[in-house]
Structure formats: C-alpha cells, structure tokens
$ cat query.cif   # mmCIF, C-alpha atoms and all ligand atoms
data_run
#
loop_
_atom_site.label_atom_id
_atom_site.label_comp_id
_atom_site.auth_asym_id
_atom_site.auth_seq_id
_atom_site.Cartn_x
_atom_site.Cartn_y
_atom_site.Cartn_z
CA MET A 82 210.08 89.30 100.88
CA PRO A 83 210.74 91.91 98.17
CA ASN A 84 208.33 94.82 97.80
CA ILE A 85 206.75 94.44 94.36
CA ASP A 86 204.65 97.15 92.65
CA LEU A 87 203.48 96.24 89.15
CA HIS A 88 201.18 99.15 88.26
CA CYS A 89 201.91 102.89 88.17
CA HIS A 90 201.86 105.92 85.86
CA SER A 91 204.26 108.66 84.80
CA THR A 92 203.85 111.89 82.79
CA VAL A 93 204.02 109.71 79.67
CA SER A 94 200.32 109.01 80.39
CA ASP A 95 198.30 110.57 83.22
CA GLY A 96 200.77 110.44 86.11
CA LEU A 97 202.18 113.60 87.69
CA LEU A 98 205.85 112.54 87.96
CA THR A 99 208.36 112.03 85.16
CA PRO A 100 209.68 108.47 84.82
CA THR A 101 212.88 109.59 86.61
CA LEU A 102 211.06 111.17 89.56
CA LEU A 103 208.65 108.23 89.75
CA VAL A 104 211.45 105.66 90.03
CA GLU A 105 213.32 107.82 92.54
CA ARG A 106 210.14 107.96 94.63
CA ALA A 107 209.73 104.18 94.34
CA ALA A 108 213.27 103.76 95.68
CA ALA A 109 212.50 106.09 98.59
CA CYS A 110 209.34 104.07 99.30
CA GLY A 111 211.36 100.83 99.48
CA VAL A 112 210.13 99.25 96.25
CA ASP A 113 212.40 96.41 95.07
CA VAL A 114 210.61 95.43 91.85
CA LEU A 115 208.73 98.02 89.77
CA ALA A 116 206.73 97.94 86.55
CA LEU A 117 205.89 101.24 84.87
CA THR A 118 202.49 100.76 83.22
CA ASP A 119 201.53 103.95 81.41
CA HIS A 120 198.22 103.97 79.55
CA ASP A 121 198.67 102.99 75.89
CA ASP A 122 202.30 104.16 75.64
CA VAL A 123 205.74 102.70 76.31
CA ALA A 124 207.76 105.89 75.84
CA GLY A 125 208.80 106.10 79.51
CA LEU A 126 210.28 102.63 79.86
CA GLU A 127 213.84 103.35 78.73
CA GLU A 128 214.31 106.29 81.10
CA ALA A 129 212.65 104.44 83.99
CA ARG A 130 214.84 101.38 83.43
CA ARG A 131 218.00 103.48 83.48
CA VAL A 132 217.09 105.16 86.78
CA ALA A 133 215.91 101.86 88.27
CA ALA A 134 219.35 100.33 87.58
CA GLU A 135 221.00 103.21 89.46
CA LYS A 136 218.65 102.66 92.39
CA ASN A 137 219.02 98.87 92.47
CA ILE A 138 215.37 98.36 91.55
CA THR A 139 214.46 95.41 89.33
CA PHE A 140 212.55 96.99 86.48
CA ILE A 141 209.77 95.31 84.49
CA ASN A 142 208.59 96.77 81.16
CA GLY A 143 204.85 97.40 81.42
CA VAL A 144 201.85 99.05 79.80
CA GLU A 145 198.13 99.44 80.61
CA ILE A 146 196.04 98.98 77.47
CA SER A 147 192.54 100.46 77.10
CA ALA A 148 190.33 97.70 75.71
CA ASP A 149 186.72 96.95 74.95
CA TRP A 150 184.80 93.83 75.94
CA ARG A 151 181.07 93.70 75.20
CA GLY A 152 180.84 97.49 75.14
CA GLN A 153 182.58 97.87 78.48
CA THR A 154 186.00 99.53 78.85
CA LEU A 155 188.57 97.24 80.46
CA HIS A 156 192.19 97.94 81.33
CA ILE A 157 194.67 95.19 80.53
CA VAL A 158 198.14 95.46 82.03
CA GLY A 159 201.02 93.91 80.10
CA LEU A 160 204.09 92.87 82.10
CA GLY A 161 207.47 91.92 80.64
CA ILE A 162 206.48 93.18 77.20
CA ASP A 163 208.88 94.05 74.40
CA PRO A 164 208.13 97.73 73.71
CA MET A 165 209.70 97.49 70.25
CA HIS A 166 207.44 94.67 69.08
CA PRO A 167 205.77 95.92 65.86
CA GLN A 168 202.21 94.69 66.54
CA LEU A 169 202.24 96.05 70.08
CA ALA A 170 203.81 99.38 69.08
CA GLY A 171 201.41 99.79 66.15
CA GLY A 172 198.40 98.87 68.25
CA LEU A 173 199.31 101.37 70.95
CA LYS A 174 199.82 104.08 68.32
CA SER A 175 196.32 103.47 66.97
CA ILE A 176 194.84 103.74 70.49
CA ARG A 177 196.69 107.03 71.08
CA ASP A 178 195.40 108.43 67.76
CA GLY A 179 191.88 107.41 68.81
CA ARG A 180 192.41 109.22 72.13
CA THR A 181 193.16 112.48 70.32
CA MET A 182 189.90 112.15 68.38
CA ARG A 183 188.01 111.36 71.57
CA ALA A 184 189.57 114.40 73.25
CA ARG A 185 188.23 116.58 70.41
CA ASN A 186 184.79 115.06 71.04
CA ILE A 187 185.01 115.63 74.79
CA ALA A 188 186.01 119.26 74.16
CA ALA A 189 183.08 119.69 71.75
CA GLN A 190 180.71 118.35 74.43
CA LEU A 191 182.11 120.70 77.06
CA ASP A 192 181.92 123.55 74.55
CA LYS A 193 178.18 122.97 74.19
CA PHE A 194 177.99 123.21 77.96
CA GLY A 195 179.73 126.60 77.89
CA ILE A 196 183.21 125.42 78.87
CA ARG A 197 185.58 126.76 76.22
CA GLY A 198 189.14 125.85 75.30
CA SER A 199 189.23 122.51 77.08
CA PHE A 200 191.16 120.66 74.35
CA GLU A 201 194.04 123.13 74.61
CA GLY A 202 193.57 123.22 78.38
CA ALA A 203 193.80 119.45 78.73
CA LEU A 204 196.75 119.32 76.35
CA ALA A 205 198.60 121.81 78.53
CA HIS A 206 198.26 119.30 81.41
CA ALA A 207 199.45 116.35 79.33
CA GLY A 208 203.14 115.54 79.80
CA ASN A 209 203.04 113.79 76.43
CA GLY A 210 201.19 115.51 73.60
CA ARG A 211 200.64 112.15 71.93
CA LEU A 212 198.58 110.80 74.81
CA ILE A 213 195.61 112.72 76.12
CA GLY A 214 193.08 111.34 78.55
CA ARG A 215 190.23 112.27 80.82
CA THR A 216 192.58 112.91 83.74
CA HIS A 217 194.10 115.82 81.78
CA PHE A 218 190.61 117.26 81.24
CA ALA A 219 189.93 116.73 84.93
CA ARG A 220 193.03 118.65 85.99
CA PHE A 221 192.14 121.49 83.61
CA LEU A 222 188.57 121.66 84.97
CA VAL A 223 189.81 121.70 88.57
CA GLN A 224 192.27 124.46 87.71
CA GLN A 225 189.40 126.46 86.16
CA GLY A 226 187.40 126.08 89.37
CA TYR A 227 184.66 123.73 88.08
CA ALA A 228 185.26 121.23 90.87
CA LYS A 229 187.38 120.90 94.00
CA ASP A 230 189.43 117.87 92.94
CA VAL A 231 189.99 115.32 90.20
CA ARG A 232 187.74 112.74 91.83
CA SER A 233 184.68 115.01 91.95
CA VAL A 234 185.26 116.41 88.47
CA PHE A 235 184.98 112.87 87.09
CA LYS A 236 181.62 112.40 88.80
CA LYS A 237 180.25 115.77 87.69
CA TYR A 238 181.58 115.98 84.12
CA LEU A 239 183.48 113.05 82.68
CA VAL A 240 181.45 109.87 83.15
CA LYS A 241 178.51 108.53 81.14
CA GLY A 242 175.46 110.81 81.34
CA LYS A 243 177.53 113.91 82.23
CA PRO A 244 178.23 116.95 80.01
CA GLY A 245 181.85 116.11 79.13
CA TYR A 246 181.35 112.44 78.28
CA ALA A 247 182.12 111.17 74.78
CA PRO A 248 181.59 107.50 73.94
CA HIS A 249 184.64 105.76 72.52
CA GLN A 250 185.59 102.48 70.90
CA TRP A 251 188.80 101.04 72.38
CA ALA A 252 190.81 98.10 71.03
CA PRO A 253 189.04 94.72 71.26
CA LEU A 254 190.12 92.67 74.29
CA SER A 255 191.49 89.98 71.96
CA ASP A 256 193.84 92.50 70.28
CA ALA A 257 195.11 93.84 73.60
CA VAL A 258 195.88 90.32 74.88
CA ASN A 259 197.44 89.27 71.58
CA TRP A 260 199.71 92.32 71.40
CA ILE A 261 200.93 91.75 74.98
CA CYS A 262 201.44 87.99 74.65
CA GLY A 263 202.83 88.31 71.10
CA SER A 264 205.56 90.59 72.41
CA GLY A 265 206.53 88.07 75.10
CA GLY A 266 204.58 89.68 77.94
CA ARG A 267 202.04 88.46 80.44
CA ALA A 268 198.50 89.92 80.27
CA VAL A 269 196.75 90.94 83.50
CA ILE A 270 193.16 92.17 83.98
CA ALA A 271 193.60 95.46 85.88
CA HIS A 272 191.38 96.30 88.90
CA PRO A 273 188.68 93.71 88.02
CA ALA A 274 186.33 94.84 90.83
CA ARG A 275 185.94 98.21 89.12
CA TYR A 276 183.96 96.89 86.15
CA LYS A 277 180.21 96.73 86.40
CA LEU A 278 179.94 93.00 85.80
CA GLY A 279 177.60 90.52 87.46
CA ARG A 280 179.02 87.23 88.67
CA GLY A 281 178.07 85.40 85.44
CA ALA A 282 179.63 88.00 83.12
CA LEU A 283 182.73 88.18 85.32
CA ASP A 284 183.26 84.43 85.02
CA GLU A 285 182.71 84.63 81.26
CA LEU A 286 185.29 87.42 81.04
CA MET A 287 187.88 85.46 83.01
CA LEU A 288 187.29 82.32 80.94
CA GLU A 289 187.48 84.20 77.63
CA PHE A 290 190.58 86.10 78.81
CA ARG A 291 192.29 82.84 79.76
CA ALA A 292 191.35 81.24 76.44
CA LEU A 293 192.92 84.21 74.63
CA GLY A 294 196.18 83.61 76.53
CA GLY A 295 195.67 86.03 79.43
CA GLN A 296 197.34 84.79 82.59
CA ALA A 297 196.60 86.99 85.59
CA ILE A 298 194.28 89.38 87.41
CA GLU A 299 195.09 92.19 89.79
CA VAL A 300 194.15 91.20 93.30
CA VAL A 301 195.68 94.03 95.32
CA THR A 302 195.23 97.50 93.76
CA ALA A 303 194.12 100.97 94.91
CA SER A 304 190.54 100.58 93.71
CA HIS A 305 189.94 97.30 95.61
CA THR A 306 188.75 97.18 99.20
CA LEU A 307 190.36 94.55 101.42
CA GLU A 308 187.20 92.48 100.94
CA GLN A 309 187.45 92.73 97.16
CA SER A 310 191.12 91.69 97.30
CA LEU A 311 190.14 88.55 99.21
CA LEU A 312 187.30 87.88 96.75
CA PHE A 313 189.58 88.21 93.72
CA ALA A 314 192.25 86.11 95.39
CA ASN A 315 189.61 83.37 95.50
CA HIS A 316 188.66 84.03 91.86
CA SER A 317 192.31 83.78 90.79
CA GLN A 318 192.68 80.45 92.56
CA ARG A 319 189.39 79.11 91.21
CA MET A 320 190.09 80.22 87.62
CA GLY A 321 193.74 79.18 87.55
CA LEU A 322 194.85 82.77 87.00
CA LEU A 323 197.95 84.29 88.60
CA ALA A 324 197.61 87.25 90.99
CA SER A 325 199.16 90.70 90.64
CA ARG A 326 199.82 93.55 93.06
CA GLY A 327 200.09 97.22 92.08
CA SER A 328 199.51 100.65 93.59
CA ASP A 329 198.11 102.29 90.41
CA PHE A 330 199.98 105.35 91.69
CA HIS A 331 199.38 108.50 89.61
CA GLY A 332 200.97 111.16 91.79
CA PRO A 333 201.36 112.66 95.25
CA GLY A 334 197.98 113.81 96.56
CA GLU A 335 196.03 112.09 93.79
CA SER A 336 196.46 108.44 94.72
CA TYR A 337 195.17 106.19 97.46
CA PHE A 338 198.39 104.18 97.84
CA ASP A 339 201.91 105.48 97.49
CA LEU A 340 204.34 103.31 95.50
CA GLY A 341 204.68 99.88 97.10
CA ARG A 342 202.58 100.93 100.11
CA MET A 343 199.67 98.53 99.71
CA PRO A 344 198.80 95.22 101.41
CA GLU A 345 200.56 91.98 100.50
CA LEU A 346 198.83 89.44 98.27
CA PRO A 347 196.60 87.03 100.21
CA ALA A 348 198.37 83.73 100.91
CA ASN A 349 196.07 81.58 98.77
CA CYS A 350 197.07 83.02 95.39
CA THR A 351 200.02 82.39 93.11
CA PRO A 352 201.89 85.65 92.39
CA VAL A 353 202.28 86.67 88.75
CA TRP A 354 206.03 86.89 89.50
CA HIS A 355 206.27 83.32 90.91
CA ASP A 356 208.52 82.15 88.05
CA TRP A 357 210.42 85.38 87.35
CA LYS A 358 214.13 84.75 87.68
CA GLN A 359 214.82 88.45 88.38
CA VAL A 360 212.62 88.33 91.50
CA MET A 361 214.02 85.20 93.16
P1 LIG B 1 190.84 107.57 80.14
O1 LIG B 1 191.67 106.34 79.89
O2 LIG B 1 191.32 108.77 79.39
O3 LIG B 1 189.37 107.30 79.93
O4 LIG B 1 191.02 107.95 81.66
C1 LIG B 1 190.97 106.93 82.63
C2 LIG B 1 191.79 107.39 83.83
O5 LIG B 1 191.06 108.37 84.53
C3 LIG B 1 192.03 106.28 84.83
O6 LIG B 1 193.20 105.59 84.53
C4 LIG B 1 192.19 107.06 86.11
O7 LIG B 1 193.50 107.58 86.18
C5 LIG B 1 191.26 108.22 85.92
N1 LIG B 1 189.91 108.00 86.51
C6 LIG B 1 188.91 107.27 86.02
N2 LIG B 1 187.81 107.35 86.80
C7 LIG B 1 188.16 108.17 87.81
C8 LIG B 1 187.48 108.67 88.95
N3 LIG B 1 186.21 108.34 89.21
N4 LIG B 1 188.15 109.50 89.78
C9 LIG B 1 189.42 109.85 89.53
N5 LIG B 1 190.12 109.41 88.46
C10 LIG B 1 189.50 108.58 87.63
MN MN B 2 195.07 106.74 84.81
MN MN B 3 193.22 101.46 84.99
MN MN B 4 196.37 102.46 85.98
#
$ encode --input "query.cif" --output "structure tokens"
Amino acid sequence: MPNIDLHCHSTVSDGLLTPTLLVERAAACGVDVLALTDHDDVAGLEEARRVAAEKNITFINGVEISADWRGQTLHIVGLGIDPMHPQLAGGLKSIRDGRTMRARNIAAQLDKFGIRGSFEGALAHAGNGRLIGRTHFARFLVQQGYAKDVRSVFKKYLVKGKPGYAPHQWAPLSDAVNWICGSGGRAVIAHPARYKLGRGALDELMLEFRALGGQAIEVVTASHTLEQSLLFANHSQRMGLLASRGSDFHGPGESYFDLGRMPELPANCTPVWHDWKQVM
C-alpha cells in the first residue's frame, strides 16, 4: 500500500523547510503520495511538484484555508485544487491581507505588555513576507527567551485570554468550501477533534459542510489521539464523508509525526484518495 501524506507545511506558510527540502525529506521518509497544504497560500506548489517528479512522488496540489464557522476558527484542507483559479486565488489573497492586519494587532497587544518589535520580529521568521501567522510570533518569542518552545509560547501568549491574542474574522466556511470545490478540488475538515464542539454542534458542522459540497474529514493527523482517530473514522462512515490522512508536519523538532510516519487509516473508512487515478 502506498504511503500517503495529505497535510504538511513549507516556508511558504509556517513550516521550517522550503518546498524543495520538504519534498526531499518526504522522499527520504518513504512517502509515495504527498500534498503540500500551506496555510492560505499556494505559492509553494510549483516548486514542490517539480521536486516531487524528480523523486518519483505523486504530488497533489493542496492548501489549508483558515475559515470561520459560528465564531470558531476551522481549518479546511483543499486537495487537488487548481491554484490558478481566480476565486480561490483572490480569496486566499484576501485572507493573507487580513493576516497582516491581525499581525499588527497582535504586535500592538504584545507592545502593551512590554514586548517591543514583535511585528518585525515575527516577519523575520516568516519565509514568505505575504503570509504571517502566530507560529512566526511564537518563534520570535522563543528566540527572545519568553518561553522554552513554540508549544508553551502558544499557551502563555497567543491563545484567547493571553496578552498576545487578537481576535480575527476569517473567511466564512461556505466561501472556503466554494473556493476549493469551484477550483476542482476536494474539501476536507482538518483535525476535527481539535475544535471545541459538543457532539450536537459537531454533527451540525459535518451536515452543513456536506451540504456545501465538502467531502471529507481528517481521521489520522498529528493532533488526534489513536482513540480520536477511531472516533472520527466512525463519524466519517456515519456521515458519508471520506477519510483523509496527513502528518501536519511543520518541521524537524516541531512536529509530532514526521512526513508519512503516522498510523494507517482505520479499515472502516473510505479513503479520500479511493477514486484517484494517480494513486491506483
Ligand atoms: P494562525 O493560523 O496564524 O492562527 O496559526 C495557527 C498555527 O499555529 C497552526 O497551524 C499551528 O501550526 C500553530 N499552533 C496553533 N496552536 C498551537 C499550539 N497550541 N502549539 C503549537 N502550535 C500551535
Ligand atoms: Mn501551522
Ligand atoms: Mn491546521
Ligand atoms: Mn496544518
């Protein structure tokens, strides 16, 4: 069975490796099919695809879109998208512009707390000046000695209720799904166990997502325990949604799973790649 990893990040968003180094690492890890899914940007796909061809990896164009559903931030992965599609490209550009504004707000919050220069500091950690995120602030704060690692800096500074938090309005879920599907891609709810949703709200989300044209949920991903993977395998079966598998790799030393090094999908779900000719 091929090793399939449909979620990871490069320096185009908040990963630590360039698209080239990321794909080379995937090859070394034995990945056969790879999707690069940078947050809100598709600028790494061309380079990644070129290197993947050299390494005999089947490459899938991907993206991870920051979306809002009932005031909660959700991540929607798009697989097999057309990065040139005007609605998708325009939508992603508007999210990136919003991120720059949010970064100014985060920096202003940290400023009030006595931490100066964090906008420039975060920008210096961003591989792509057009896309700035909390991870870049986190790396800056760690470098400045405010916390020991990225994980603890999030807890202490960057989440709701903490000094460096700035509320933000992401794209509506319906837009994210429409952009992905409109460009020929398949929409996937990323790491569904991570959202603070009760059972009722979770079912409502999955039903609404399906009605919008969404087709899959991530079942195996770094932020799911084995138990949660089994639970979401059952949800995928029950809801008639396909199941995806991805490492959500961001970089050596920062990620739970290396590329392709996560458990297989449970046997009771239908893989999101079940009808992909390239994977047969
Ligand atoms: P943003 O989209 O800018 O709000 O940043 C979200 C990104 O921050 C996620 O994709 C993760 O890479 C990272 N992240 C979020 N929460 C945490 C956490 N608790 N610990 C470490 N990284 C996190
Ligand atoms: Mn990330
Ligand atoms: Mn995510
Ligand atoms: Mn991700």
$ atom_distance --input "query.cif" --atom1 "atom CA of Asp329 of chain A" --atom2 "atom CA of Leu103 of chain A"
12.1 Å
$ residues_around --input "query.cif" --residues "segment 316-322 of chain A" --least-positions-apart "3" --cutoff "6 Å" --atoms "all atoms listed in the file" --output "PyMOL selection string"
chain A and resi 296-297+313+350
$ write_last_selection --input "query.cif" --atoms "C-alpha atoms" --output "JSON list (two decimals), in the coordinates of the input"
[["chain", "number", "residue", "atom", "x", "y", "z"],
["A", 296, "GLN", "CA", 197.34, 84.79, 82.59],
["A", 297, "ALA", "CA", 196.60, 86.99, 85.59],
["A", 313, "PHE", "CA", 189.58, 88.21, 93.72],
["A", 350, "CYS", "CA", 197.07, 83.02, 95.39]]
$ closest_atom_pairs --input "query.cif" --of "chain A" --to "ligand MN 2 (chain B)" --cutoff "10 Å" --atoms "all atoms listed in the file" --output "tab-separated table"
residue	atom	partner	partner_atom	distance
A:Cys89	CA	B:MN2	MN	8.5
A:His90	CA	B:MN2	MN	6.9
A:Ser91	CA	B:MN2	MN	9.4
A:Ser94	CA	B:MN2	MN	7.2
A:Asp95	CA	B:MN2	MN	5.3
A:Gly96	CA	B:MN2	MN	6.9
A:Thr118	CA	B:MN2	MN	9.7
A:Asp119	CA	B:MN2	MN	7.8
A:His120	CA	B:MN2	MN	6.7
A:Glu145	CA	B:MN2	MN	9.0
A:His156	CA	B:MN2	MN	9.9
A:Gly214	CA	B:MN2	MN	8.0
A:Arg215	CA	B:MN2	MN	8.4
A:Thr216	CA	B:MN2	MN	6.7
A:His217	CA	B:MN2	MN	9.6
A:Asp329	CA	B:MN2	MN	7.8
A:Phe330	CA	B:MN2	MN	8.6
A:His331	CA	B:MN2	MN	6.7
$ residues_near_point --input "query.cif" --point "(189.3, 100.2, 73.1)" --cutoff "8 Å" --atoms "all atoms listed in the file" --output "list in words"
Ser147, Ala148, Asp149, Thr154, Leu155, Ile176, His249, Gln250, Trp251, Ala252, Pro253 and Leu254 of chain A
$ write_last_selection --input "query.cif" --atoms "C-alpha atoms" --output "PDB file, in the frame of the given file"
ATOM      1  CA  SER A 147     192.540 100.460  77.100  1.00  0.00           C
ATOM      2  CA  ALA A 148     190.330  97.700  75.710  1.00  0.00           C
ATOM      3  CA  ASP A 149     186.720  96.950  74.950  1.00  0.00           C
ATOM      4  CA  THR A 154     186.000  99.530  78.850  1.00  0.00           C
ATOM      5  CA  LEU A 155     188.570  97.240  80.460  1.00  0.00           C
ATOM      6  CA  ILE A 176     194.840 103.740  70.490  1.00  0.00           C
ATOM      7  CA  HIS A 249     184.640 105.760  72.520  1.00  0.00           C
ATOM      8  CA  GLN A 250     185.590 102.480  70.900  1.00  0.00           C
ATOM      9  CA  TRP A 251     188.800 101.040  72.380  1.00  0.00           C
ATOM     10  CA  ALA A 252     190.810  98.100  71.030  1.00  0.00           C
ATOM     11  CA  PRO A 253     189.040  94.720  71.260  1.00  0.00           C
ATOM     12  CA  LEU A 254     190.120  92.670  74.290  1.00  0.00           C
TER      13      LEU A 254
END
$ residues_near_point --input "query.cif" --point "(198.3, 89.0, 93.6)" --cutoff "8 Å" --atoms "all atoms listed in the file" --output "PyMOL selection string"
chain A and resi 298-301+314+323-326+345-347+350-353
$ closest_residue --input "query.cif" --among "A:Leu340, A:Ala247, A:Cys262, A:Ala228" --to "Val104 of chain A" --atoms "only C-alpha atoms"
A:Leu340
$ atom_distance --input "query.cif" --atom1 "atom MN of ligand MN 4 (chain B)" --atom2 "atom CA of Leu117 of chain A"
9.7 Å
$ atom_distance --input "query.cif" --atom1 "atom CA of Lys174 of chain A" --atom2 "atom CA of Ile141 of chain A"
20.9 Å
$ residues_around --input "query.cif" --residues "Ile85 of chain A" --least-positions-apart "6" --cutoff "8 Å" --atoms "all atoms listed in the file" --output "mmCIF file with C-alpha atoms, in the frame of the given file"
data_model
loop_
_atom_site.group_PDB
_atom_site.id
_atom_site.type_symbol
_atom_site.label_atom_id
_atom_site.label_comp_id
_atom_site.auth_asym_id
_atom_site.auth_seq_id
_atom_site.Cartn_x
_atom_site.Cartn_y
_atom_site.Cartn_z
ATOM 1 C CA VAL A 112 210.130 99.250 96.250
ATOM 2 C CA ASP A 113 212.400 96.410 95.070
ATOM 3 C CA VAL A 114 210.610 95.430 91.850
ATOM 4 C CA LEU A 115 208.730 98.020 89.770
ATOM 5 C CA ARG A 326 199.820 93.550 93.060
ATOM 6 C CA GLY A 327 200.090 97.220 92.080
ATOM 7 C CA GLY A 341 204.680 99.880 97.100
#
$ closest_residue --input "query.cif" --among "A:Met361, A:Leu126, A:Pro333, A:Leu312" --to "Asn142 of chain A" --atoms "all atoms listed in the file"
A:Leu126
$ closest_residue --input "query.cif" --among "A:Lys243, A:Arg275, A:Arg291, A:Lys136" --to "ligand MN 4 (chain B)" --atoms "all atoms listed in the file"
A:Arg275
$ closest_residue --input "query.cif" --among "A:Ala116, A:Ala108, A:Val240, A:Ile261" --to "ligand MN 4 (chain B)" --atoms "all atoms listed in the file"
A:Ala116
$ closest_residue --input "query.cif" --among "A:Thr101, A:Gln359, A:Asn259, A:Asn315" --to "Gln168 of chain A" --atoms "all atoms listed in the file"
A:Asn259
$ closest_residue --input "query.cif" --among "A:Phe221, A:Tyr337, A:Tyr238, A:Trp150" --to "Phe200 of chain A" --atoms "all atoms listed in the file"
A:Phe221
$ decode --input "query.cif" --residues "segment 267-289 of chain A" --atoms "N, CA and C atoms" --output "PDB file, in the first residue's frame"
ATOM      1  N   ARG A 267     -11.165  18.935  -3.639  1.00  0.00           N
ATOM      2  CA  ARG A 267     -11.987  18.228  -2.668  1.00  0.00           C
ATOM      3  C   ARG A 267     -11.728  18.879  -1.305  1.00  0.00           C
ATOM      4  N   ALA A 268     -12.810  19.275  -0.603  1.00  0.00           N
ATOM      5  CA  ALA A 268     -12.661  19.963   0.684  1.00  0.00           C
ATOM      6  C   ALA A 268     -12.683  18.963   1.837  1.00  0.00           C
ATOM      7  N   VAL A 269     -11.773  19.178   2.788  1.00  0.00           N
ATOM      8  CA  VAL A 269     -11.571  18.252   3.913  1.00  0.00           C
ATOM      9  C   VAL A 269     -11.538  19.073   5.214  1.00  0.00           C
ATOM     10  N   ILE A 270     -12.324  18.685   6.215  1.00  0.00           N
ATOM     11  CA  ILE A 270     -12.213  19.348   7.524  1.00  0.00           C
ATOM     12  C   ILE A 270     -10.933  18.851   8.187  1.00  0.00           C
ATOM     13  N   ALA A 271      -9.997  19.781   8.451  1.00  0.00           N
ATOM     14  CA  ALA A 271      -8.723  19.398   9.066  1.00  0.00           C
ATOM     15  C   ALA A 271      -8.913  19.145  10.562  1.00  0.00           C
ATOM     16  N   HIS A 272      -8.132  18.209  11.093  1.00  0.00           N
ATOM     17  CA  HIS A 272      -8.088  17.881  12.537  1.00  0.00           C
ATOM     18  C   HIS A 272      -9.383  18.209  13.296  1.00  0.00           C
ATOM     19  N   PRO A 273     -10.489  17.530  12.968  1.00  0.00           N
ATOM     20  CA  PRO A 273     -11.788  17.886  13.564  1.00  0.00           C
ATOM     21  C   PRO A 273     -11.853  17.733  15.089  1.00  0.00           C
ATOM     22  N   ALA A 274     -11.008  16.893  15.671  1.00  0.00           N
ATOM     23  CA  ALA A 274     -11.069  16.723  17.133  1.00  0.00           C
ATOM     24  C   ALA A 274     -10.539  17.950  17.865  1.00  0.00           C
ATOM     25  N   ARG A 275      -9.839  18.834  17.136  1.00  0.00           N
ATOM     26  CA  ARG A 275      -9.209  19.975  17.800  1.00  0.00           C
ATOM     27  C   ARG A 275     -10.202  21.094  18.121  1.00  0.00           C
ATOM     28  N   TYR A 276     -11.361  21.088  17.472  1.00  0.00           N
ATOM     29  CA  TYR A 276     -12.302  22.189  17.700  1.00  0.00           C
ATOM     30  C   TYR A 276     -13.118  21.894  18.945  1.00  0.00           C
ATOM     31  N   LYS A 277     -13.447  22.974  19.653  1.00  0.00           N
ATOM     32  CA  LYS A 277     -14.205  22.784  20.889  1.00  0.00           C
ATOM     33  C   LYS A 277     -15.690  22.712  20.551  1.00  0.00           C
ATOM     34  N   LEU A 278     -16.117  21.559  20.039  1.00  0.00           N
ATOM     35  CA  LEU A 278     -17.507  21.399  19.628  1.00  0.00           C
ATOM     36  C   LEU A 278     -18.111  20.207  20.366  1.00  0.00           C
ATOM     37  N   GLY A 279     -19.301  20.415  20.926  1.00  0.00           N
ATOM     38  CA  GLY A 279     -20.034  19.295  21.512  1.00  0.00           C
ATOM     39  C   GLY A 279     -20.533  18.381  20.402  1.00  0.00           C
ATOM     40  N   ARG A 280     -21.054  17.237  20.784  1.00  0.00           N
ATOM     41  CA  ARG A 280     -21.493  16.259  19.801  1.00  0.00           C
ATOM     42  C   ARG A 280     -22.551  16.827  18.852  1.00  0.00           C
ATOM     43  N   GLY A 281     -23.508  17.616  19.398  1.00  0.00           N
ATOM     44  CA  GLY A 281     -24.565  18.183  18.559  1.00  0.00           C
ATOM     45  C   GLY A 281     -23.998  19.144  17.526  1.00  0.00           C
ATOM     46  N   ALA A 282     -23.144  20.069  17.974  1.00  0.00           N
ATOM     47  CA  ALA A 282     -22.561  21.064  17.068  1.00  0.00           C
ATOM     48  C   ALA A 282     -21.672  20.382  16.030  1.00  0.00           C
ATOM     49  N   LEU A 283     -20.960  19.348  16.451  1.00  0.00           N
ATOM     50  CA  LEU A 283     -20.086  18.631  15.519  1.00  0.00           C
ATOM     51  C   LEU A 283     -20.914  17.998  14.396  1.00  0.00           C
ATOM     52  N   ASP A 284     -22.025  17.382  14.750  1.00  0.00           N
ATOM     53  CA  ASP A 284     -22.896  16.793  13.729  1.00  0.00           C
ATOM     54  C   ASP A 284     -23.449  17.876  12.803  1.00  0.00           C
ATOM     55  N   GLU A 285     -23.844  19.027  13.402  1.00  0.00           N
ATOM     56  CA  GLU A 285     -24.354  20.120  12.577  1.00  0.00           C
ATOM     57  C   GLU A 285     -23.280  20.615  11.607  1.00  0.00           C
ATOM     58  N   LEU A 286     -22.050  20.718  12.112  1.00  0.00           N
ATOM     59  CA  LEU A 286     -20.948  21.144  11.236  1.00  0.00           C
ATOM     60  C   LEU A 286     -20.782  20.159  10.077  1.00  0.00           C
ATOM     61  N   MET A 287     -20.734  18.876  10.381  1.00  0.00           N
ATOM     62  CA  MET A 287     -20.500  17.889   9.318  1.00  0.00           C
ATOM     63  C   MET A 287     -21.634  17.889   8.291  1.00  0.00           C
ATOM     64  N   LEU A 288     -22.872  18.056   8.782  1.00  0.00           N
ATOM     65  CA  LEU A 288     -24.010  18.097   7.857  1.00  0.00           C
ATOM     66  C   LEU A 288     -23.960  19.338   6.971  1.00  0.00           C
ATOM     67  N   GLU A 289     -23.676  20.497   7.604  1.00  0.00           N
ATOM     68  CA  GLU A 289     -23.615  21.743   6.838  1.00  0.00           C
ATOM     69  C   GLU A 289     -22.461  21.693   5.828  1.00  0.00           C
TER      70      GLU A 289
END
